[in-house]
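Student: My structure file run37.cif, mmCIF, C-alpha atoms, is below:
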```
data_input
loop_
_atom_site.group_PDB
_atom_site.id
_atom_site.type_symbol
_atom_site.label_atom_id
_atom_site.label_comp_id
_atom_site.auth_asym_id
_atom_site.auth_seq_id
_atom_site.Cartn_x
_atom_site.Cartn_y
_atom_site.Cartn_z
ATOM 1 C CA MET R 1 -86.819 42.059 128.166
ATOM 2 C CA LEU R 2 -84.356 39.200 128.126
ATOM 3 C CA SER R 3 -83.126 37.806 124.838
ATOM 4 C CA ALA R 4 -82.913 34.073 124.208
ATOM 5 C CA GLN R 5 -79.115 34.175 124.638
ATOM 6 C CA GLU R 6 -79.443 36.093 127.902
ATOM 7 C CA ARG R 7 -81.944 33.538 129.217
ATOM 8 C CA ALA R 8 -79.538 30.754 128.283
ATOM 9 C CA HIS R 9 -76.630 32.440 130.112
ATOM 10 C CA ILE R 10 -78.790 32.974 133.193
ATOM 11 C CA ALA R 11 -79.912 29.354 133.251
ATOM 12 C CA GLN R 12 -76.386 28.095 132.580
ATOM 13 C CA VAL R 13 -74.964 29.936 135.572
ATOM 14 C CA TRP R 14 -77.881 28.895 137.781
ATOM 15 C CA ASP R 15 -77.176 25.238 136.996
ATOM 16 C CA LEU R 16 -73.808 25.721 138.679
ATOM 17 C CA ILE R 17 -75.407 27.222 141.808
ATOM 18 C CA ALA R 18 -78.417 24.922 142.118
ATOM 19 C CA GLY R 19 -78.017 22.587 145.076
ATOM 20 C CA HIS R 20 -75.587 25.005 146.746
ATOM 21 C CA GLU R 21 -78.059 27.774 147.594
ATOM 22 C CA ALA R 22 -77.098 27.754 151.286
ATOM 23 C CA SER R 23 -73.349 28.199 150.851
ATOM 24 C CA PHE R 24 -73.660 30.709 148.021
ATOM 25 C CA GLY R 25 -76.307 32.617 149.976
ATOM 26 C CA ALA R 26 -74.217 32.627 153.141
ATOM 27 C CA GLU R 27 -71.211 33.956 151.238
ATOM 28 C CA LEU R 28 -73.395 36.605 149.597
ATOM 29 C CA LEU R 29 -74.596 37.817 152.982
ATOM 30 C CA LEU R 30 -71.124 37.681 154.522
ATOM 31 C CA ARG R 31 -69.738 39.806 151.683
ATOM 32 C CA LEU R 32 -72.680 42.194 151.937
ATOM 33 C CA PHE R 33 -72.187 42.718 155.666
ATOM 34 C CA THR R 34 -68.392 42.993 155.390
ATOM 35 C CA VAL R 35 -68.230 45.319 152.390
ATOM 36 C CA TYR R 36 -71.379 47.358 153.105
ATOM 37 C CA PRO R 37 -71.866 47.239 156.902
ATOM 38 C CA SER R 38 -74.852 49.608 156.816
ATOM 39 C CA THR R 39 -76.900 46.802 155.228
ATOM 40 C CA LYS R 40 -76.833 44.968 158.562
ATOM 41 C CA VAL R 41 -79.572 47.289 159.842
ATOM 42 C CA TYR R 42 -82.030 45.255 157.791
ATOM 43 C CA PHE R 43 -80.962 41.960 159.338
ATOM 44 C CA ARG R 44 -81.188 42.670 163.044
ATOM 45 C CA HIS R 45 -83.221 39.506 163.484
ATOM 46 C CA LEU R 46 -79.997 37.617 162.748
ATOM 47 C CA GLY R 47 -78.396 39.185 165.830
ATOM 48 C CA ASP R 48 -75.421 41.496 166.269
ATOM 49 C CA GLN R 49 -72.905 38.948 165.001
ATOM 50 C CA PRO R 50 -74.768 36.568 162.681
ATOM 51 C CA ASP R 51 -73.184 33.117 162.931
ATOM 52 C CA GLU R 52 -72.618 30.630 160.155
ATOM 53 C CA VAL R 53 -75.846 28.751 160.863
ATOM 54 C CA GLN R 54 -77.927 31.910 160.505
ATOM 55 C CA LEU R 55 -76.100 33.033 157.372
ATOM 56 C CA LEU R 56 -76.584 29.602 155.781
ATOM 57 C CA SER R 57 -80.269 29.543 156.693
ATOM 58 C CA HIS R 58 -81.106 33.050 155.537
ATOM 59 C CA GLY R 59 -78.766 32.841 152.568
ATOM 60 C CA GLN R 60 -80.489 29.670 151.420
ATOM 61 C CA ARG R 61 -83.878 31.375 151.538
ATOM 62 C CA MET R 62 -82.638 34.297 149.479
ATOM 63 C CA LEU R 63 -80.955 32.111 146.863
ATOM 64 C CA GLN R 64 -83.972 29.819 146.643
ATOM 65 C CA ALA R 65 -86.040 32.883 145.787
ATOM 66 C CA VAL R 66 -83.485 33.739 143.104
ATOM 67 C CA GLY R 67 -83.871 30.204 141.793
ATOM 68 C CA VAL R 68 -87.620 30.688 141.515
ATOM 69 C CA ALA R 69 -86.988 33.930 139.664
ATOM 70 C CA VAL R 70 -84.676 32.075 137.252
ATOM 71 C CA GLN R 71 -87.337 29.451 136.654
ATOM 72 C CA TYR R 72 -89.964 32.078 135.868
ATOM 73 C CA MET R 73 -87.766 34.808 134.472
ATOM 74 C CA ASP R 74 -90.370 35.680 131.838
ATOM 75 C CA ASN R 75 -92.978 36.419 134.487
ATOM 76 C CA LEU R 76 -91.226 38.023 137.438
ATOM 77 C CA HIS R 77 -94.174 40.253 138.384
ATOM 78 C CA ALA R 78 -96.451 37.338 139.110
ATOM 79 C CA VAL R 79 -93.987 34.990 140.760
ATOM 80 C CA LEU R 80 -92.298 37.661 142.933
ATOM 81 C CA SER R 81 -95.539 39.405 143.933
ATOM 82 C CA PRO R 82 -95.600 38.035 147.511
ATOM 83 C CA LEU R 83 -91.963 39.063 148.013
ATOM 84 C CA ALA R 84 -92.747 42.472 146.533
ATOM 85 C CA ASP R 85 -95.518 42.858 149.120
ATOM 86 C CA LEU R 86 -93.130 41.787 151.888
ATOM 87 C CA HIS R 87 -90.478 44.299 150.826
ATOM 88 C CA ALA R 88 -93.002 47.137 150.450
ATOM 89 C CA GLN R 89 -94.978 46.586 153.647
ATOM 90 C CA VAL R 90 -92.633 44.910 156.116
ATOM 91 C CA LEU R 91 -88.965 45.010 155.122
ATOM 92 C CA ARG R 92 -88.940 48.435 153.438
ATOM 93 C CA VAL R 93 -85.315 48.076 152.364
ATOM 94 C CA ASP R 94 -84.194 51.350 150.809
ATOM 95 C CA PRO R 95 -83.913 50.794 147.048
ATOM 96 C CA THR R 96 -80.284 51.973 146.988
ATOM 97 C CA ASN R 97 -79.296 48.746 148.770
ATOM 98 C CA PHE R 98 -80.241 46.427 145.918
ATOM 99 C CA PRO R 99 -77.259 47.423 143.713
ATOM 100 C CA LEU R 100 -75.029 46.586 146.708
ATOM 101 C CA VAL R 101 -76.472 43.049 146.876
ATOM 102 C CA ILE R 102 -76.065 42.756 143.097
ATOM 103 C CA GLN R 103 -72.392 43.793 143.276
ATOM 104 C CA CYS R 104 -71.738 41.173 145.971
ATOM 105 C CA PHE R 105 -73.645 38.585 143.908
ATOM 106 C CA GLN R 106 -71.393 39.355 140.932
ATOM 107 C CA VAL R 107 -68.295 38.941 143.107
ATOM 108 C CA VAL R 108 -69.573 35.589 144.412
ATOM 109 C CA LEU R 109 -70.224 34.363 140.856
ATOM 110 C CA ALA R 110 -66.924 35.666 139.510
ATOM 111 C CA SER R 111 -64.821 34.273 142.345
ATOM 112 C CA HIS R 112 -66.396 30.801 142.045
ATOM 113 C CA LEU R 113 -66.685 30.523 138.261
ATOM 114 C CA GLN R 114 -63.486 32.477 137.454
ATOM 115 C CA GLY R 115 -62.368 31.669 133.891
ATOM 116 C CA GLU R 116 -65.834 30.324 133.098
ATOM 117 C CA TYR R 117 -67.540 33.599 134.069
ATOM 118 C CA THR R 118 -67.820 35.146 130.631
ATOM 119 C CA VAL R 119 -68.724 38.782 130.034
ATOM 120 C CA GLU R 120 -71.998 37.590 128.504
ATOM 121 C CA MET R 121 -72.893 35.822 131.757
ATOM 122 C CA GLN R 122 -71.948 38.885 133.807
ATOM 123 C CA ALA R 123 -74.084 41.126 131.594
ATOM 124 C CA ALA R 124 -77.076 38.759 131.627
ATOM 125 C CA TRP R 125 -76.969 38.340 135.408
ATOM 126 C CA ASP R 126 -76.633 42.067 136.002
ATOM 127 C CA LYS R 127 -79.651 42.709 133.818
ATOM 128 C CA PHE R 128 -81.617 39.857 135.417
ATOM 129 C CA LEU R 129 -80.868 40.789 139.043
ATOM 130 C CA THR R 130 -81.599 44.455 138.321
ATOM 131 C CA GLY R 131 -84.960 43.332 136.938
ATOM 132 C CA VAL R 132 -85.619 41.337 140.119
ATOM 133 C CA ALA R 133 -84.772 44.400 142.238
ATOM 134 C CA VAL R 134 -87.153 46.553 140.191
ATOM 135 C CA VAL R 135 -90.005 44.098 140.824
ATOM 136 C CA LEU R 136 -89.206 43.837 144.543
ATOM 137 C CA THR R 137 -89.438 47.622 144.958
ATOM 138 C CA GLU R 138 -92.244 48.453 142.530
ATOM 139 C CA LYS R 139 -95.009 48.479 145.157
ATOM 140 C CA TYR R 140 -93.097 50.816 147.480
ATOM 141 C CA ARG R 141 -95.387 53.720 146.595
ATOM 142 C CA LEU X 1 -58.235 54.048 153.919
ATOM 143 C CA PRO X 2 -56.720 50.556 153.875
ATOM 144 C CA ASN X 3 -53.126 50.005 152.880
ATOM 145 C CA HIS X 4 -51.123 46.814 152.603
ATOM 146 C CA PRO X 5 -53.979 44.283 152.235
ATOM 147 C CA THR X 6 -54.891 45.859 148.913
ATOM 148 C CA LEU X 7 -51.342 46.400 147.702
ATOM 149 C CA SER X 8 -50.383 42.797 148.481
ATOM 150 C CA LEU X 9 -52.620 41.697 145.627
ATOM 151 C CA SER X 10 -51.891 44.728 143.452
ATOM 152 C CA HIS X 11 -48.359 43.631 142.568
ATOM 153 C CA ARG X 12 -49.792 40.377 141.181
ATOM 154 C CA VAL X 13 -52.132 42.194 138.822
ATOM 155 C CA ASN X 14 -51.265 42.332 135.115
ATOM 156 C CA VAL X 15 -52.260 45.944 134.527
ATOM 157 C CA GLU X 16 -52.648 45.599 130.771
ATOM 158 C CA GLU X 17 -54.887 42.515 130.949
ATOM 159 C CA VAL X 18 -56.944 43.559 133.954
ATOM 160 C CA GLY X 19 -57.356 47.151 132.758
ATOM 161 C CA GLY X 20 -58.469 46.064 129.310
ATOM 162 C CA GLU X 21 -60.836 43.478 130.707
ATOM 163 C CA ALA X 22 -62.374 45.893 133.208
ATOM 164 C CA LEU X 23 -63.006 48.589 130.585
ATOM 165 C CA GLY X 24 -64.246 45.999 128.092
ATOM 166 C CA ARG X 25 -66.663 44.458 130.565
ATOM 167 C CA LEU X 26 -67.923 47.940 131.529
ATOM 168 C CA LEU X 27 -68.777 48.652 127.896
ATOM 169 C CA VAL X 28 -70.581 45.300 127.500
ATOM 170 C CA VAL X 29 -72.431 45.102 130.822
ATOM 171 C CA TYR X 30 -73.453 48.795 130.768
ATOM 172 C CA PRO X 31 -73.673 49.542 127.028
ATOM 173 C CA TRP X 32 -74.665 53.186 127.509
ATOM 174 C CA THR X 33 -71.100 53.821 128.688
ATOM 175 C CA GLN X 34 -70.075 53.354 125.048
ATOM 176 C CA ARG X 35 -71.225 56.937 124.504
ATOM 177 C CA PHE X 36 -67.727 58.133 125.449
ATOM 178 C CA PHE X 37 -65.915 55.746 123.123
ATOM 179 C CA GLU X 38 -67.605 56.046 119.745
ATOM 180 C CA HIS X 39 -64.243 56.930 118.215
ATOM 181 C CA PHE X 40 -62.799 53.577 119.320
ATOM 182 C CA GLY X 41 -64.036 51.732 116.238
ATOM 183 C CA ASP X 42 -65.749 48.360 116.369
ATOM 184 C CA LEU X 43 -67.869 47.980 119.520
ATOM 185 C CA SER X 44 -70.541 45.929 117.791
ATOM 186 C CA SER X 45 -70.341 42.786 119.954
ATOM 187 C CA ALA X 46 -68.896 41.550 123.230
ATOM 188 C CA ASP X 47 -66.049 39.839 121.358
ATOM 189 C CA ALA X 48 -65.374 42.974 119.295
ATOM 190 C CA ILE X 49 -65.249 45.114 122.432
ATOM 191 C CA LEU X 50 -63.015 42.803 124.461
ATOM 192 C CA GLY X 51 -60.670 42.325 121.483
ATOM 193 C CA ASN X 52 -60.627 45.996 120.489
ATOM 194 C CA PRO X 53 -57.014 47.266 120.709
ATOM 195 C CA LYS X 54 -58.126 50.802 121.633
ATOM 196 C CA VAL X 55 -60.229 49.443 124.496
ATOM 197 C CA LYS X 56 -57.278 47.412 125.748
ATOM 198 C CA ALA X 57 -54.880 50.350 125.462
ATOM 199 C CA HIS X 58 -57.217 52.725 127.212
ATOM 200 C CA GLY X 59 -57.998 50.169 129.904
ATOM 201 C CA LYS X 60 -54.296 49.820 130.582
ATOM 202 C CA LYS X 61 -53.907 53.607 130.760
ATOM 203 C CA VAL X 62 -56.807 53.888 133.213
ATOM 204 C CA LEU X 63 -55.485 51.138 135.460
ATOM 205 C CA ASP X 64 -51.904 52.521 135.351
ATOM 206 C CA THR X 65 -53.248 55.833 136.598
ATOM 207 C CA PHE X 66 -55.358 54.060 139.207
ATOM 208 C CA SER X 67 -52.274 52.158 140.425
ATOM 209 C CA GLU X 68 -50.312 55.396 140.700
ATOM 210 C CA GLY X 69 -53.164 56.758 142.776
ATOM 211 C CA LEU X 70 -52.856 53.785 145.147
ATOM 212 C CA LYS X 71 -49.504 55.209 146.224
ATOM 213 C CA GLN X 72 -51.293 58.269 147.578
ATOM 214 C CA LEU X 73 -54.184 56.682 149.452
ATOM 215 C CA ASP X 74 -54.048 59.408 152.108
ATOM 216 C CA ASP X 75 -54.638 62.177 149.552
ATOM 217 C CA LEU X 76 -56.631 60.790 146.639
ATOM 218 C CA LYS X 77 -58.410 64.102 146.058
ATOM 219 C CA GLY X 78 -55.023 65.798 145.615
ATOM 220 C CA ALA X 79 -53.651 62.988 143.466
ATOM 221 C CA PHE X 80 -56.602 63.056 141.061
ATOM 222 C CA ALA X 81 -57.339 66.798 141.084
ATOM 223 C CA SER X 82 -56.194 67.572 137.554
ATOM 224 C CA LEU X 83 -57.728 64.364 136.167
ATOM 225 C CA SER X 84 -60.982 65.350 137.826
ATOM 226 C CA GLU X 85 -60.933 68.702 136.052
ATOM 227 C CA LEU X 86 -60.114 66.978 132.753
ATOM 228 C CA HIS X 87 -63.038 64.549 133.074
ATOM 229 C CA CYS X 88 -65.384 67.439 133.862
ATOM 230 C CA ASP X 89 -64.214 70.191 131.530
ATOM 231 C CA LYS X 90 -62.939 68.282 128.500
ATOM 232 C CA LEU X 91 -64.334 64.745 128.597
ATOM 233 C CA HIS X 92 -67.759 65.537 130.148
ATOM 234 C CA VAL X 93 -68.009 62.156 131.845
ATOM 235 C CA ASP X 94 -70.814 61.568 134.350
ATOM 236 C CA PRO X 95 -69.032 60.590 137.611
ATOM 237 C CA GLU X 96 -71.414 57.662 137.971
ATOM 238 C CA ASN X 97 -69.239 55.992 135.308
ATOM 239 C CA PHE X 98 -66.273 56.015 137.704
ATOM 240 C CA ARG X 99 -68.327 54.068 140.247
ATOM 241 C CA LEU X 100 -69.490 51.586 137.609
ATOM 242 C CA LEU X 101 -65.928 51.010 136.391
ATOM 243 C CA GLY X 102 -64.694 50.577 139.961
ATOM 244 C CA ASN X 103 -67.327 47.905 140.584
ATOM 245 C CA VAL X 104 -66.486 46.083 137.352
ATOM 246 C CA LEU X 105 -62.791 46.190 138.305
ATOM 247 C CA VAL X 106 -63.622 44.493 141.613
ATOM 248 C CA VAL X 107 -65.531 41.750 139.759
ATOM 249 C CA VAL X 108 -62.569 41.256 137.383
ATOM 250 C CA LEU X 109 -60.227 40.908 140.367
ATOM 251 C CA ALA X 110 -62.615 38.402 141.981
ATOM 252 C CA ARG X 111 -62.564 36.422 138.751
ATOM 253 C CA ARG X 112 -58.780 36.388 138.735
ATOM 254 C CA PHE X 113 -58.147 35.600 142.379
ATOM 255 C CA GLY X 114 -61.103 33.328 143.129
ATOM 256 C CA GLY X 115 -61.317 32.201 146.734
ATOM 257 C CA GLU X 116 -58.331 34.365 147.639
ATOM 258 C CA PHE X 117 -60.591 37.351 147.065
ATOM 259 C CA THR X 118 -62.047 37.182 150.553
ATOM 260 C CA PRO X 119 -64.841 39.448 151.823
ATOM 261 C CA GLU X 120 -62.192 41.475 153.658
ATOM 262 C CA LEU X 121 -60.128 41.925 150.503
ATOM 263 C CA GLN X 122 -63.260 42.862 148.573
ATOM 264 C CA ALA X 123 -64.099 45.422 151.264
ATOM 265 C CA ASN X 124 -60.624 46.953 150.970
ATOM 266 C CA PHE X 125 -60.769 47.171 147.206
ATOM 267 C CA GLN X 126 -64.305 48.572 147.193
ATOM 268 C CA LYS X 127 -63.149 51.302 149.606
ATOM 269 C CA VAL X 128 -60.257 52.154 147.296
ATOM 270 C CA VAL X 129 -62.317 52.275 144.094
ATOM 271 C CA THR X 130 -64.929 54.389 145.883
ATOM 272 C CA GLY X 131 -62.181 56.729 147.065
ATOM 273 C CA VAL X 132 -60.803 57.078 143.548
ATOM 274 C CA ALA X 133 -64.286 57.639 142.071
ATOM 275 C CA ASN X 134 -65.008 60.340 144.649
ATOM 276 C CA ALA X 135 -61.628 61.959 144.005
ATOM 277 C CA LEU X 136 -62.319 62.025 140.275
ATOM 278 C CA ALA X 137 -65.698 63.648 140.923
ATOM 279 C CA HIS X 138 -64.393 66.110 143.467
ATOM 280 C CA ARG X 139 -63.467 68.963 141.098
ATOM 281 C CA TYR X 140 -66.688 68.915 139.075
ATOM 282 C CA HIS X 141 -68.358 72.262 138.833
#
```
Would you encode the structure as structure tokens?

Tutor:
Amino acid sequence: MLSAQERAHIAQVWDLIAGHEASFGAELLLRLFTVYPSTKVYFRHLGDQPDEVQLLSHGQRMLQAVGVAVQYMDNLHAVLSPLADLHAQVLRVDPTNFPLVIQCFQVVLASHLQGEYTVEMQAAWDKFLTGVAVVLTEKYR
Amino acid sequence: LPNHPTLSLSHRVNVEEVGGEALGRLLVVYPWTQRFFEHFGDLSSADAILGNPKVKAHGKKVLDTFSEGLKQLDDLKGAFASLSELHCDKLHVDPENFRLLGNVLVVVLARRFGGEFTPELQANFQKVVTGVANALAHRYH
């Protein structure tokens, strides 16, 4: 459960990302593939060497989904249900990969927000993204 | 393991500040890690934790040791052998905590260096913190 302060921190950080989903998403994916190359096995549809256009396009989709999650953070089960189905039936991303995405997300936020990225924001986003990952994998079996 | 790319940033790191911040953020973002630091006094809020002199001192000590370890990247298991035994036999620390702290340290570095903290640099640092965490876990029995 997210406290009122945690919800505020989550929304506050999202306000800084909103409108830039493509570039943030592309950087997230680039970091993911560079730091954790094994994650590329799940993105073969982007080709062997995903180019900037593909990273921007797919990154935007991922961050837009995060934005929806932010908007409905009190009801993730309902709003993420179609994505949960997709991950369980089609994508079947091993659950151990979600913490890797979360770590890269934290690095993206920290490197862009720097002095403004308070510990409270880091804690709230870690809790929030972990909650998203739980919902995305909860239909796996 | 990587060498100069990591060390080129390392000499610009204020060990006391970064160490204290990394340990402090660990204790806030993952509050269960406080179980090892109940004797540190006031950990009642994020501000209390980040301002706590014992947290800062211990963070500095941890990062000093980590930096020493960076000088022996080709034999981390050797370099951290006795510390590994200490953390197992005397401190009884779950090695997962080493991985969590390593990840938080990477986020703190990203916060400090911003755009300079490229995906490649992140990859190098993640490899190093993983190496240190594994070395610290290596002597557990």

Student: Compute the set of chain X residues within 10 Å of chain R, using all atoms listed in the file, and express it as a ChimeraX atom specification.

Tutor: /X:21,24-31,46-47,50,103-104,106-127

Student: Excluding R:Leu86 and residues on its chain fewer than 6 positions from it, collect all residues at most 10 Å away from it, counting all atoms listed in the file, and give them as a PyMOL selection string.

Tutor: chain R and resi 80+92+136-137+139

Student: Rounded to one decimal place, report the atom CA of X:Gln72-atom CA of X:His11 distance in Å.

Tutor: 15.7 Å

Student: Using all atoms listed in the file - which residues lie no farther than 10 Å from the point (-80.4, 47.6, 158.4) in the file's frame? Write them as a list in words.

Tutor: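 Protein and nucleic acid residues near the point are Phe33, Pro37, Ser38, Thr39, Lys40, Val41, Tyr42, Phe43, Arg44, His45, Leu91, Arg92, Val93, Asp94 and Asn97 of chain R.
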
Student: Written as number ranges by chain, which residues does the PyMOL selection byres ((chain X and resi 94-98) around 10) give for the file shown?

Tutor: X: 26, 30, 32-33, 84, 87-88, 91-93, 99-104, 129-130, 132-138, 140

Student: Quick check, in Å to one decimal: how far apart do atom CA of X:Arg12 and atom CA of X:Gly69 lie?

Tutor: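 Atom-to-atom, atom CA of X:Arg12 and atom CA of X:Gly69 are spaced 16.8 Å apart.
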
Student: Between atom CA of R:Val79 and atom CA of R:Tyr140, measure the distance and give it in Å to one decimal.

Tutor: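 Taking atom CA of R:Val79 and atom CA of R:Tyr140, their separation equals 17.2 Å.
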
Student: Name all residues at most 10 Å from X:Asn14 (count only C-alpha atoms; drop same-chain ones fewer than 6 positions away) and give them as a list in words.

Tutor: Gly20, Lys60 and Leu63 of chain X

Student: Write out as a VMD selection string the residues lying within 8 Å of R:Ser23, counting all atoms listed in the file and excluding same-chain residues fewer than 2 positions away.

Tutor: chain R and resid 20 to 21 25 to 27 56 59 to 60

Student: Take the PyMOL selection byres ((chain X and resi 73) around 10), apply it to the structure above, and return the hits as a PyMOL selection string.

Tutor: chain X and resi 1-3+68-72+74-79+128+131-132
